[in-house]
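Visitor: Hey, dropping final38.pdb in here, PDB, C-alpha atoms:
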ATOM      1  CA  MET A   1     -16.293  40.759  11.883
ATOM      2  CA  PHE A   2     -13.426  42.268   9.921
ATOM      3  CA  ARG A   3     -10.046  40.569  10.047
ATOM      4  CA  LEU A   4      -7.101  42.928   9.766
ATOM      5  CA  ALA A   5      -3.753  41.737   8.456
ATOM      6  CA  LEU A   6      -0.525  43.065   7.017
ATOM      7  CA  ALA A   7       0.686  41.290   3.922
ATOM      8  CA  ARG A   8       3.822  39.239   3.389
ATOM      9  CA  PRO A   9       3.579  35.479   3.724
ATOM     10  CA  ALA A  10       6.912  35.271   5.585
ATOM     11  CA  ARG A  11       5.354  37.073   8.520
ATOM     12  CA  HIS A  12       2.559  34.567   8.724
ATOM     13  CA  LEU A  13       4.377  31.224   8.327
ATOM     14  CA  ALA A  14       3.965  30.398  12.001
ATOM     15  CA  ALA A  15       0.222  30.845  11.752
ATOM     16  CA  LEU A  16      -0.387  29.108   8.422
ATOM     17  CA  GLY A  17      -0.944  25.701  10.002
ATOM     18  CA  LEU A  18      -3.640  27.008  12.340
ATOM     19  CA  LEU A  19      -5.170  29.067   9.548
ATOM     20  CA  ALA A  20      -5.396  26.086   7.223
ATOM     21  CA  LEU A  21      -7.134  24.051   9.912
ATOM     22  CA  ALA A  22      -9.590  26.842  10.611
ATOM     23  CA  LEU A  23     -10.590  27.373   6.982
ATOM     24  CA  PRO A  24     -13.830  25.819   5.766
ATOM     25  CA  VAL A  25     -13.431  23.319   2.946
ATOM     26  CA  SER A  26     -15.161  25.653   0.476
ATOM     27  CA  ALA A  27     -12.543  28.394   1.085
ATOM     28  CA  ALA A  28      -9.701  26.084   0.060
ATOM     29  CA  PHE A  29     -10.979  25.672  -3.496
ATOM     30  CA  ALA A  30     -11.991  27.778  -6.482
ATOM     31  CA  ALA A  31     -10.155  30.900  -5.319
ATOM     32  CA  THR A  32     -10.345  33.545  -8.060
ATOM     33  CA  VAL A  33     -10.040  37.298  -8.525
ATOM     34  CA  THR A  34     -12.687  38.608 -10.917
ATOM     35  CA  GLY A  35     -12.149  42.359 -10.598
ATOM     36  CA  PHE A  36     -11.630  45.417  -8.422
ATOM     37  CA  SER A  37     -12.868  48.965  -8.019
ATOM     38  CA  PRO A  38     -11.795  51.698  -8.601
ATOM     39  CA  GLN A  39      -9.445  51.040 -11.512
ATOM     40  CA  LYS A  40      -6.919  53.627 -10.308
ATOM     41  CA  GLY A  41      -6.084  55.552  -7.143
ATOM     42  CA  GLU A  42      -3.516  57.456  -5.126
ATOM     43  CA  ILE A  43      -1.395  56.106  -2.286
ATOM     44  CA  GLY A  44      -3.724  55.342   0.625
ATOM     45  CA  ALA A  45      -6.813  54.892  -1.555
ATOM     46  CA  GLU A  46      -9.178  52.046  -0.702
ATOM     47  CA  VAL A  47      -9.669  49.339  -3.337
ATOM     48  CA  LYS A  48     -12.428  46.733  -3.224
ATOM     49  CA  ILE A  49     -11.289  43.398  -4.645
ATOM     50  CA  ILE A  50     -13.941  40.853  -5.602
ATOM     51  CA  GLY A  51     -13.713  37.168  -6.389
ATOM     52  CA  THR A  52     -14.374  33.774  -4.846
ATOM     53  CA  GLY A  53     -12.691  31.848  -2.057
ATOM     54  CA  LEU A  54     -11.025  34.982  -0.687
ATOM     55  CA  GLY A  55     -11.524  34.045   2.954
ATOM     56  CA  SER A  56      -8.047  32.477   2.997
ATOM     57  CA  VAL A  57      -6.139  35.559   1.801
ATOM     58  CA  VAL A  58      -3.009  36.208   3.895
ATOM     59  CA  GLY A  59      -1.510  39.045   1.865
ATOM     60  CA  VAL A  60      -2.267  41.707  -0.745
ATOM     61  CA  GLU A  61       0.390  43.347  -2.924
ATOM     62  CA  PHE A  62       0.367  46.376  -5.230
ATOM     63  CA  GLY A  63       3.422  46.339  -7.484
ATOM     64  CA  GLY A  64       5.204  44.017  -5.062
ATOM     65  CA  MET A  65       4.501  46.230  -2.035
ATOM     66  CA  ASP A  66       2.628  44.840   0.958
ATOM     67  CA  ALA A  67      -0.777  46.433   1.507
ATOM     68  CA  ARG A  68      -3.004  46.728   4.546
ATOM     69  CA  PHE A  69      -6.201  44.770   3.916
ATOM     70  CA  ARG A  70      -9.394  43.442   5.469
ATOM     71  CA  ILE A  71     -11.293  40.305   4.531
ATOM     72  CA  VAL A  72     -14.950  41.331   4.480
ATOM     73  CA  THR A  73     -16.451  38.115   3.065
ATOM     74  CA  SER A  74     -15.230  35.178   0.993
ATOM     75  CA  THR A  75     -16.032  37.292  -2.090
ATOM     76  CA  LEU A  76     -14.779  40.719  -0.996
ATOM     77  CA  VAL A  77     -11.449  42.027   0.271
ATOM     78  CA  ARG A  78     -10.731  45.685   0.992
ATOM     79  CA  ALA A  79      -7.161  46.892   0.559
ATOM     80  CA  TRP A  80      -5.360  50.233   0.758
ATOM     81  CA  VAL A  81      -2.714  51.270  -1.800
ATOM     82  CA  PRO A  82       0.623  51.220   0.071
ATOM     83  CA  GLU A  83       3.573  53.598  -0.094
ATOM     84  CA  GLY A  84       5.907  52.703  -2.956
ATOM     85  CA  ALA A  85       3.188  50.940  -4.957
ATOM     86  CA  THR A  86       3.458  50.954  -8.758
ATOM     87  CA  SER A  87       0.883  50.267 -11.467
ATOM     88  CA  GLY A  88       0.246  46.637 -12.323
ATOM     89  CA  PRO A  89      -1.917  43.645 -11.401
ATOM     90  CA  ILE A  90      -3.050  43.372  -7.780
ATOM     91  CA  ARG A  91      -1.758  40.147  -6.240
ATOM     92  CA  LEU A  92      -3.557  38.239  -3.518
ATOM     93  CA  VAL A  93      -1.466  35.781  -1.532
ATOM     94  CA  LEU A  94      -3.259  32.699  -0.201
ATOM     95  CA  VAL A  95      -1.943  29.813   1.862
ATOM     96  CA  ASN A  96      -1.121  27.645  -1.166
ATOM     97  CA  GLU A  97      -1.141  30.020  -4.144
ATOM     98  CA  THR A  98      -0.924  33.588  -5.389
ATOM     99  CA  LEU A  99      -3.668  35.146  -7.514
ATOM    100  CA  ALA A 100      -3.343  38.105  -9.901
ATOM    101  CA  SER A 101      -6.146  40.448 -10.923
ATOM    102  CA  PRO A 102      -7.306  40.114 -14.559
ATOM    103  CA  SER A 103      -6.425  43.762 -15.281
ATOM    104  CA  GLU A 104      -3.889  46.267 -13.983
ATOM    105  CA  PHE A 105      -4.428  48.825 -11.234
ATOM    106  CA  MET A 106      -3.129  52.316 -12.018
ATOM    107  CA  VAL A 107      -1.406  54.089  -9.163
ATOM    108  CA  GLY A 108      -1.907  57.852  -9.206
ATOM    109  CA  GLY A 109      -3.962  60.034 -11.485
ATOM    110  CA  ALA A 110      -1.404  61.565 -13.783
ATOM    111  CA  THR A 111      -2.688  63.208 -16.935
ATOM    112  CA  GLY A 112      -2.128  61.390 -20.181
ATOM    113  CA  GLN A 113      -2.852  58.070 -18.510
ATOM    114  CA  SER A 114      -6.352  57.549 -19.943
ATOM    115  CA  VAL A 115      -7.559  55.339 -22.788
ATOM    116  CA  ALA A 116      -7.312  57.125 -26.156
ATOM    117  CA  PHE A 117      -9.777  56.132 -28.910
ATOM    118  CA  ALA A 118      -9.216  58.036 -32.166
ATOM    119  CA  SER A 119     -12.060  58.837 -34.550
ATOM    120  CA  PRO A 120     -12.422  56.064 -37.142
ATOM    121  CA  TRP A 121     -11.417  56.848 -40.673
ATOM    122  CA  PRO A 122     -12.412  57.182 -43.411
ATOM    123  CA  ASN A 123     -15.849  58.203 -42.192
ATOM    124  CA  PRO A 124     -18.377  58.223 -43.869
ATOM    125  CA  SER A 125     -17.198  55.408 -46.094
ATOM    126  CA  ALA A 126     -18.134  52.341 -48.106
ATOM    127  CA  THR A 127     -14.610  50.998 -47.684
ATOM    128  CA  PRO A 128     -13.171  49.393 -44.513
ATOM    129  CA  PHE A 129     -13.017  51.603 -41.445
ATOM    130  CA  ARG A 130      -9.820  51.804 -39.436
ATOM    131  CA  PHE A 131      -9.791  52.067 -35.631
ATOM    132  CA  SER A 132      -6.836  53.137 -33.512
ATOM    133  CA  PHE A 133      -6.699  53.223 -29.741
ATOM    134  CA  SER A 134      -4.073  53.237 -27.010
ATOM    135  CA  LEU A 135      -4.263  51.563 -23.609
ATOM    136  CA  PRO A 136      -2.285  52.935 -20.639
ATOM    137  CA  LEU A 137      -2.801  49.576 -18.923
ATOM    138  CA  GLY A 138      -3.225  46.079 -20.269
ATOM    139  CA  GLY A 139      -6.414  44.162 -19.546
ATOM    140  CA  PRO A 140      -9.645  42.710 -20.976
ATOM    141  CA  THR A 141     -10.603  44.769 -24.033
ATOM    142  CA  ARG A 142     -13.500  44.577 -26.462
ATOM    143  CA  LEU A 143     -14.122  46.511 -29.677
ATOM    144  CA  THR A 144     -17.584  45.991 -31.156
ATOM    145  CA  ILE A 145     -19.891  47.450 -33.814
ATOM    146  CA  HIS A 146     -23.540  48.205 -32.978
ATOM    147  CA  ASP A 147     -26.544  49.282 -35.024
ATOM    148  CA  VAL A 148     -28.781  52.249 -34.135
ATOM    149  CA  ARG A 149     -30.859  50.037 -31.834
ATOM    150  CA  GLY A 150     -27.777  49.164 -29.834
ATOM    151  CA  ALA A 151     -27.622  45.556 -31.013
ATOM    152  CA  ARG A 152     -24.094  44.197 -31.434
ATOM    153  CA  ILE A 153     -23.538  43.117 -35.023
ATOM    154  CA  ARG A 154     -19.772  42.564 -35.112
ATOM    155  CA  THR A 155     -17.021  41.842 -32.593
ATOM    156  CA  LEU A 156     -13.629  43.008 -33.834
ATOM    157  CA  VAL A 157     -11.636  42.079 -30.734
ATOM    158  CA  ASP A 158     -12.460  40.455 -27.420
ATOM    159  CA  ALA A 159      -9.201  39.607 -25.694
ATOM    160  CA  HIS A 160      -6.688  40.564 -23.036
ATOM    161  CA  LEU A 161      -4.554  43.230 -24.726
ATOM    162  CA  SER A 162      -1.246  44.680 -23.627
ATOM    163  CA  SER A 163      -0.725  48.366 -22.929
ATOM    164  CA  GLY A 164       0.155  50.578 -25.878
ATOM    165  CA  PRO A 165      -1.310  51.317 -29.328
ATOM    166  CA  HIS A 166      -3.617  48.950 -31.214
ATOM    167  CA  ASP A 167      -5.137  49.083 -34.704
ATOM    168  CA  TYR A 168      -8.124  47.229 -36.167
ATOM    169  CA  THR A 169     -10.275  47.465 -39.291
ATOM    170  CA  TRP A 170     -13.928  46.734 -40.032
ATOM    171  CA  ASP A 171     -14.810  45.501 -43.495
ATOM    172  CA  GLY A 172     -18.511  46.346 -43.242
ATOM    173  CA  LEU A 173     -19.563  42.751 -42.551
ATOM    174  CA  ASP A 174     -21.472  41.406 -39.549
ATOM    175  CA  ASP A 175     -20.514  38.367 -37.475
ATOM    176  CA  ARG A 176     -22.166  36.127 -40.106
ATOM    177  CA  SER A 177     -20.059  37.639 -42.909
ATOM    178  CA  ARG A 178     -23.061  39.509 -44.360
ATOM    179  CA  ARG A 179     -22.626  43.059 -45.614
ATOM    180  CA  VAL A 180     -24.513  45.525 -43.435
ATOM    181  CA  PRO A 181     -27.002  47.994 -44.962
ATOM    182  CA  ARG A 182     -26.095  51.633 -45.434
ATOM    183  CA  GLY A 183     -26.738  53.804 -42.433
ATOM    184  CA  LEU A 184     -25.597  54.837 -38.980
ATOM    185  CA  TYR A 185     -23.578  52.546 -36.704
ATOM    186  CA  PHE A 186     -21.531  52.854 -33.539
ATOM    187  CA  ALA A 187     -18.076  51.549 -32.674
ATOM    188  CA  ARG A 188     -17.787  50.800 -28.952
ATOM    189  CA  LEU A 189     -14.547  50.291 -27.041
ATOM    190  CA  ASP A 190     -14.662  48.656 -23.604
ATOM    191  CA  ALA A 191     -11.256  48.752 -21.912
ATOM    192  CA  PRO A 192      -9.995  48.799 -18.300
ATOM    193  CA  GLY A 193     -11.434  51.933 -16.727
ATOM    194  CA  ALA A 194     -13.074  53.246 -19.901
ATOM    195  CA  GLN A 195     -16.065  52.841 -22.200
ATOM    196  CA  LEU A 196     -15.861  54.974 -25.355
ATOM    197  CA  SER A 197     -17.724  55.106 -28.666
ATOM    198  CA  HIS A 198     -17.714  56.751 -32.102
ATOM    199  CA  ARG A 199     -20.390  57.104 -34.772
ATOM    200  CA  LEU A 200     -19.898  55.527 -38.198
ATOM    201  CA  VAL A 201     -21.780  56.165 -41.434
ATOM    202  CA  VAL A 202     -21.758  53.316 -43.942
ATOM    203  CA  ARG A 203     -22.361  54.486 -47.503
TER     204      ARG A 203
END
Let me see whether you can do it: turn the structure in this file into structure tokens.
Guide:
Amino acid sequence: MFRLALARPARHLAALGLLALALPVSAAFAATVTGFSPQKGEIGAEVKIIGTGLGSVVGVEFGGMDARFRIVTSTLVRAWVPEGATSGPIRLVLVNETLASPSEFMVGGATGQSVAFASPWPNPSATPFRFSFSLPLGGPTRLTIHDVRGARIRTLVDAHLSSGPHDYTWDGLDDRSRRVPRGLYFARLDAPGAQLSHRLVVR
């Protein structure tokens, strides 16, 4: 059965004691937010938030604005983007803590708000390749090099990056510091809401 609630802990203080008693022991521990879908949406859009220990959620916020939500299971919460919401991490309020999503949710679908991944240069080249990309939202980001079979041979970045421009170079070495043979390779960018790639030719 769905449970419907309107966020803001202050409205639920009177019920917190009963809620805490009703929660199973497993719901009181290991609460995490691992992701959500879609990555962006308009006001009123439904967002599915996944994680663990979410059965004790008492509030959901988008940019500090209370959202209508439903607890589906201990690993899934459905929420609707509220009026006045702004882009940023989704926050889930629990009885004893507040959780933030690992990446930011983008409110609206304005143009110019997508990940930009410029063509690497120089290309073809025997010298280091330079990569430039820009993130409209911060979040987990990975830039990797793959051979023609799709095998990953080098990881250039695997971290939580801030929004804005970023620059990296590849020196033609693999993860074991061995120079790769001449040929065709692919640079792959995995960022919040995007997966982009470019071809590289090593001379």
Visitor: Quick one: contact table of region 147-198 of chain A to region 116-131 of chain A, 7 Å max, nearest atom pair and distance in Å to one decimal per residue, counting all atoms listed in the file, chain and number order, as a tab-separated table?
Guide:
residue	atom	partner	partner_atom	distance
A:Asp167	CA	A:Phe131	CA	5.6
A:Tyr168	CA	A:Phe131	CA	5.1
A:Thr169	CA	A:Arg130	CA	4.4
A:Trp170	CA	A:Phe129	CA	5.2
A:Asp171	CA	A:Pro128	CA	4.3
A:Gly172	CA	A:Pro128	CA	6.3
A:His198	CA	A:Ser119	CA	6.5
Visitor: Output as JSON lines one row per residue of region 132-197 of chain A within 9 Å of region 94-105 of chain A: the closest atom pair and its distance in Å to one decimal place, counting only C-alpha atoms, sorted by chain and residue number ascending.
Guide:
{"residue": "A:Leu137", "atom": "CA", "partner": "A:Glu104", "partner_atom": "CA", "distance": 6.0}
{"residue": "A:Gly138", "atom": "CA", "partner": "A:Glu104", "partner_atom": "CA", "distance": 6.3}
{"residue": "A:Gly139", "atom": "CA", "partner": "A:Ser103", "partner_atom": "CA", "distance": 4.3}
{"residue": "A:Pro140", "atom": "CA", "partner": "A:Ser103", "partner_atom": "CA", "distance": 6.6}
{"residue": "A:His160", "atom": "CA", "partner": "A:Ser103", "partner_atom": "CA", "distance": 8.4}
{"residue": "A:Pro192", "atom": "CA", "partner": "A:Ser103", "partner_atom": "CA", "distance": 6.9}
Visitor: Of the candidates A:Arg203, A:Arg91, A:Lys40, A:His146, which one gets nearest to Tyr185 (chain A) if we count all atoms listed in the file?
Guide: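 Under the stated criterion, the closest residue is A:His146.
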Visitor: Figure out the distance between CA of Glu83 (chain A) and CA of Ile49 (chain A), please, to one decimal in Å.
Guide: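 These two atoms are separated by 18.6 Å.
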Visitor: Grab the CA of Thr86 (chain A) to CA of Val107 (chain A) distance for me, in Å with one decimal place.
Guide: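 We find that CA of Thr86 (chain A) and CA of Val107 (chain A) lie 5.8 Å from each other.
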Visitor: List, as a PDB file with C-alpha atoms, keeping the file's coordinate frame, every residue that the PyMOL selection byres ((chain A and resi 43-45) around 10) selects in the file provided.
Guide:
ATOM      1  CA  PRO A  38     -11.795  51.698  -8.601  1.00  0.00           C
ATOM      2  CA  LYS A  40      -6.919  53.627 -10.308  1.00  0.00           C
ATOM      3  CA  GLY A  41      -6.084  55.552  -7.143  1.00  0.00           C
ATOM      4  CA  GLU A  42      -3.516  57.456  -5.126  1.00  0.00           C
ATOM      5  CA  GLU A  46      -9.178  52.046  -0.702  1.00  0.00           C
ATOM      6  CA  VAL A  47      -9.669  49.339  -3.337  1.00  0.00           C
ATOM      7  CA  ALA A  67      -0.777  46.433   1.507  1.00  0.00           C
ATOM      8  CA  ARG A  68      -3.004  46.728   4.546  1.00  0.00           C
ATOM      9  CA  ALA A  79      -7.161  46.892   0.559  1.00  0.00           C
ATOM     10  CA  TRP A  80      -5.360  50.233   0.758  1.00  0.00           C
ATOM     11  CA  VAL A  81      -2.714  51.270  -1.800  1.00  0.00           C
ATOM     12  CA  PRO A  82       0.623  51.220   0.071  1.00  0.00           C
ATOM     13  CA  GLU A  83       3.573  53.598  -0.094  1.00  0.00           C
ATOM     14  CA  GLY A  84       5.907  52.703  -2.956  1.00  0.00           C
ATOM     15  CA  ALA A  85       3.188  50.940  -4.957  1.00  0.00           C
ATOM     16  CA  THR A  86       3.458  50.954  -8.758  1.00  0.00           C
ATOM     17  CA  VAL A 107      -1.406  54.089  -9.163  1.00  0.00           C
ATOM     18  CA  GLY A 108      -1.907  57.852  -9.206  1.00  0.00           C
TER      19      GLY A 108
END
Visitor: Given the choices A:Lys48, A:Val115, A:Arg154, A:Arg70, which gets closest to Gly193 (chain A) if the distance is worked out from only C-alpha atoms?
Guide: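 Closest candidate: A:Val115.
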Visitor: Report the distance between CA of Phe36 (chain A) and CA of Arg188 (chain A) in Å, rounded to one decimal place.
Guide: 22.1 Å
Visitor: Apply the PyMOL selection byres ((chain A and resi 51) around 12) to the structure shown and report the selected residues as a ChimeraX atom specification.
Guide: /A:27,30-37,48-50,52-57,71-78,92,99-102
Visitor: Could you pull the residues within 10 Å of Ile145 (chain A), counting all atoms listed in the file, minus those fewer than 4 positions along the same chain, as a list in words?
Guide: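 Selected residues are Gly150, Ala151, Arg152, Ile153, Arg154, Thr155, Leu156, Trp170, Gly172, Leu173, Asp174, Asp175, Tyr185, Phe186, Ala187, Arg188, Leu189, Ser197, His198, Arg199 and Leu200 of chain A.
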Visitor: With all atoms listed in the file as the atoms that count, which of A:Val148, A:Phe69, A:Gln39, A:Val60 lies nearest to Met106 (chain A)?
Guide: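 Closest candidate: A:Gln39.
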Visitor: Nearest to Ala191 (chain A): which of A:Arg178, A:Gly63, A:Val93, A:Thr141 is it, counting all atoms listed in the file?
Guide: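 Selected residue with least distance to Ala191 (chain A): A:Thr141.
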Visitor: For the provided coordinates, the residues matched by the PyMOL selection byres ((chain A and resi 183) around 8) should be stated as number ranges by chain.
Guide: A: 181-182, 184-185, 201-203
Visitor: Got a moment to write region 59-94 of chain A out with N, CA and C atoms, as an mmCIF file, in the first residue's frame?
Guide:
data_model
loop_
_atom_site.group_PDB
_atom_site.id
_atom_site.type_symbol
_atom_site.label_atom_id
_atom_site.label_comp_id
_atom_site.auth_asym_id
_atom_site.auth_seq_id
_atom_site.Cartn_x
_atom_site.Cartn_y
_atom_site.Cartn_z
ATOM 1 N N GLY A 59 10.070 13.208 4.487
ATOM 2 C CA GLY A 59 10.038 14.409 3.665
ATOM 3 C C GLY A 59 10.977 14.310 2.486
ATOM 4 N N VAL A 60 10.617 14.945 1.386
ATOM 5 C CA VAL A 60 11.457 15.026 0.189
ATOM 6 C C VAL A 60 11.516 16.477 -0.242
ATOM 7 N N GLU A 61 12.713 16.967 -0.553
ATOM 8 C CA GLU A 61 12.883 18.367 -0.949
ATOM 9 C C GLU A 61 13.648 18.478 -2.264
ATOM 10 N N PHE A 62 13.189 19.378 -3.118
ATOM 11 C CA PHE A 62 13.888 19.752 -4.350
ATOM 12 C C PHE A 62 14.283 21.216 -4.205
ATOM 13 N N GLY A 63 15.577 21.490 -4.085
ATOM 14 C CA GLY A 63 16.015 22.869 -3.928
ATOM 15 C C GLY A 63 15.421 23.539 -2.711
ATOM 16 N N GLY A 64 15.207 22.786 -1.643
ATOM 17 C CA GLY A 64 14.651 23.347 -0.415
ATOM 18 C C GLY A 64 13.143 23.439 -0.380
ATOM 19 N N MET A 65 12.470 23.022 -1.471
ATOM 20 C CA MET A 65 11.010 23.076 -1.524
ATOM 21 C C MET A 65 10.424 21.699 -1.234
ATOM 22 N N ASP A 66 9.400 21.687 -0.378
ATOM 23 C CA ASP A 66 8.741 20.435 -0.014
ATOM 24 C C ASP A 66 8.047 19.812 -1.223
ATOM 25 N N ALA A 67 8.218 18.498 -1.374
ATOM 26 C CA ALA A 67 7.611 17.789 -2.495
ATOM 27 C C ALA A 67 6.601 16.756 -2.001
ATOM 28 N N ARG A 68 5.588 16.522 -2.805
ATOM 29 C CA ARG A 68 4.667 15.421 -2.546
ATOM 30 C C ARG A 68 5.396 14.121 -2.889
ATOM 31 N N PHE A 69 5.233 13.102 -2.070
ATOM 32 C CA PHE A 69 5.960 11.853 -2.321
ATOM 33 C C PHE A 69 5.179 10.651 -1.828
ATOM 34 N N ARG A 70 5.563 9.485 -2.314
ATOM 35 C CA ARG A 70 4.994 8.215 -1.873
ATOM 36 C C ARG A 70 6.125 7.223 -1.641
ATOM 37 N N ILE A 71 6.076 6.539 -0.529
ATOM 38 C CA ILE A 71 7.023 5.465 -0.247
ATOM 39 C C ILE A 71 6.451 4.199 -0.869
ATOM 40 N N VAL A 72 7.132 3.674 -1.873
ATOM 41 C CA VAL A 72 6.660 2.464 -2.549
ATOM 42 C C VAL A 72 7.188 1.225 -1.829
ATOM 43 N N THR A 73 8.516 1.176 -1.633
ATOM 44 C CA THR A 73 9.165 0.119 -0.870
ATOM 45 C C THR A 73 10.310 0.751 -0.088
ATOM 46 N N SER A 74 11.047 -0.049 0.647
ATOM 47 C CA SER A 74 12.194 0.476 1.391
ATOM 48 C C SER A 74 13.335 0.871 0.470
ATOM 49 N N THR A 75 13.218 0.564 -0.837
ATOM 50 C CA THR A 75 14.256 0.919 -1.798
ATOM 51 C C THR A 75 13.773 1.870 -2.882
ATOM 52 N N LEU A 76 12.514 2.285 -2.824
ATOM 53 C CA LEU A 76 11.969 3.156 -3.866
ATOM 54 C C LEU A 76 10.990 4.164 -3.288
ATOM 55 N N VAL A 77 11.233 5.431 -3.631
ATOM 56 C CA VAL A 77 10.328 6.526 -3.262
ATOM 57 C C VAL A 77 9.987 7.298 -4.536
ATOM 58 N N ARG A 78 8.713 7.578 -4.731
ATOM 59 C CA ARG A 78 8.296 8.403 -5.863
ATOM 60 C C ARG A 78 8.001 9.806 -5.355
ATOM 61 N N ALA A 79 8.493 10.804 -6.068
ATOM 62 C CA ALA A 79 8.272 12.191 -5.672
ATOM 63 C C ALA A 79 7.915 13.008 -6.907
ATOM 64 N N TRP A 80 7.261 14.151 -6.666
ATOM 65 C CA TRP A 80 6.851 15.026 -7.766
ATOM 66 C C TRP A 80 7.484 16.400 -7.555
ATOM 67 N N VAL A 81 8.136 16.920 -8.605
ATOM 68 C CA VAL A 81 8.854 18.194 -8.525
ATOM 69 C C VAL A 81 7.871 19.303 -8.147
ATOM 70 N N PRO A 82 8.125 19.996 -7.033
ATOM 71 C CA PRO A 82 7.162 20.998 -6.549
ATOM 72 C C PRO A 82 7.353 22.367 -7.197
ATOM 73 N N GLU A 83 6.353 23.208 -7.064
ATOM 74 C CA GLU A 83 6.446 24.598 -7.504
ATOM 75 C C GLU A 83 7.582 25.292 -6.745
ATOM 76 N N GLY A 84 8.360 26.091 -7.459
ATOM 77 C CA GLY A 84 9.453 26.825 -6.837
ATOM 78 C C GLY A 84 10.739 26.039 -6.705
ATOM 79 N N ALA A 85 10.740 24.781 -7.175
ATOM 80 C CA ALA A 85 11.948 23.957 -7.072
ATOM 81 C C ALA A 85 13.053 24.507 -7.964
ATOM 82 N N THR A 86 14.296 24.344 -7.522
ATOM 83 C CA THR A 86 15.469 24.735 -8.303
ATOM 84 C C THR A 86 16.391 23.529 -8.444
ATOM 85 N N SER A 87 17.298 23.583 -9.408
ATOM 86 C CA SER A 87 18.220 22.484 -9.649
ATOM 87 C C SER A 87 19.149 22.279 -8.456
ATOM 88 N N GLY A 88 19.489 21.037 -8.198
ATOM 89 C CA GLY A 88 20.368 20.711 -7.088
ATOM 90 C C GLY A 88 20.114 19.302 -6.614
ATOM 91 N N PRO A 89 20.836 18.853 -5.578
ATOM 92 C CA PRO A 89 20.617 17.512 -5.041
ATOM 93 C C PRO A 89 19.201 17.366 -4.484
ATOM 94 N N ILE A 90 18.631 16.181 -4.612
ATOM 95 C CA ILE A 90 17.352 15.870 -3.983
ATOM 96 C C ILE A 90 17.647 15.458 -2.548
ATOM 97 N N ARG A 91 16.912 16.011 -1.598
ATOM 98 C CA ARG A 91 17.140 15.692 -0.193
ATOM 99 C C ARG A 91 15.962 14.897 0.368
ATOM 100 N N LEU A 92 16.307 13.804 1.029
ATOM 101 C CA LEU A 92 15.316 12.971 1.693
ATOM 102 C C LEU A 92 15.475 13.133 3.201
ATOM 103 N N VAL A 93 14.394 13.523 3.846
ATOM 104 C CA VAL A 93 14.410 13.745 5.290
ATOM 105 C C VAL A 93 13.898 12.490 5.987
ATOM 106 N N LEU A 94 14.698 11.944 6.899
ATOM 107 C CA LEU A 94 14.316 10.800 7.699
ATOM 108 C C LEU A 94 14.124 11.255 9.142
#
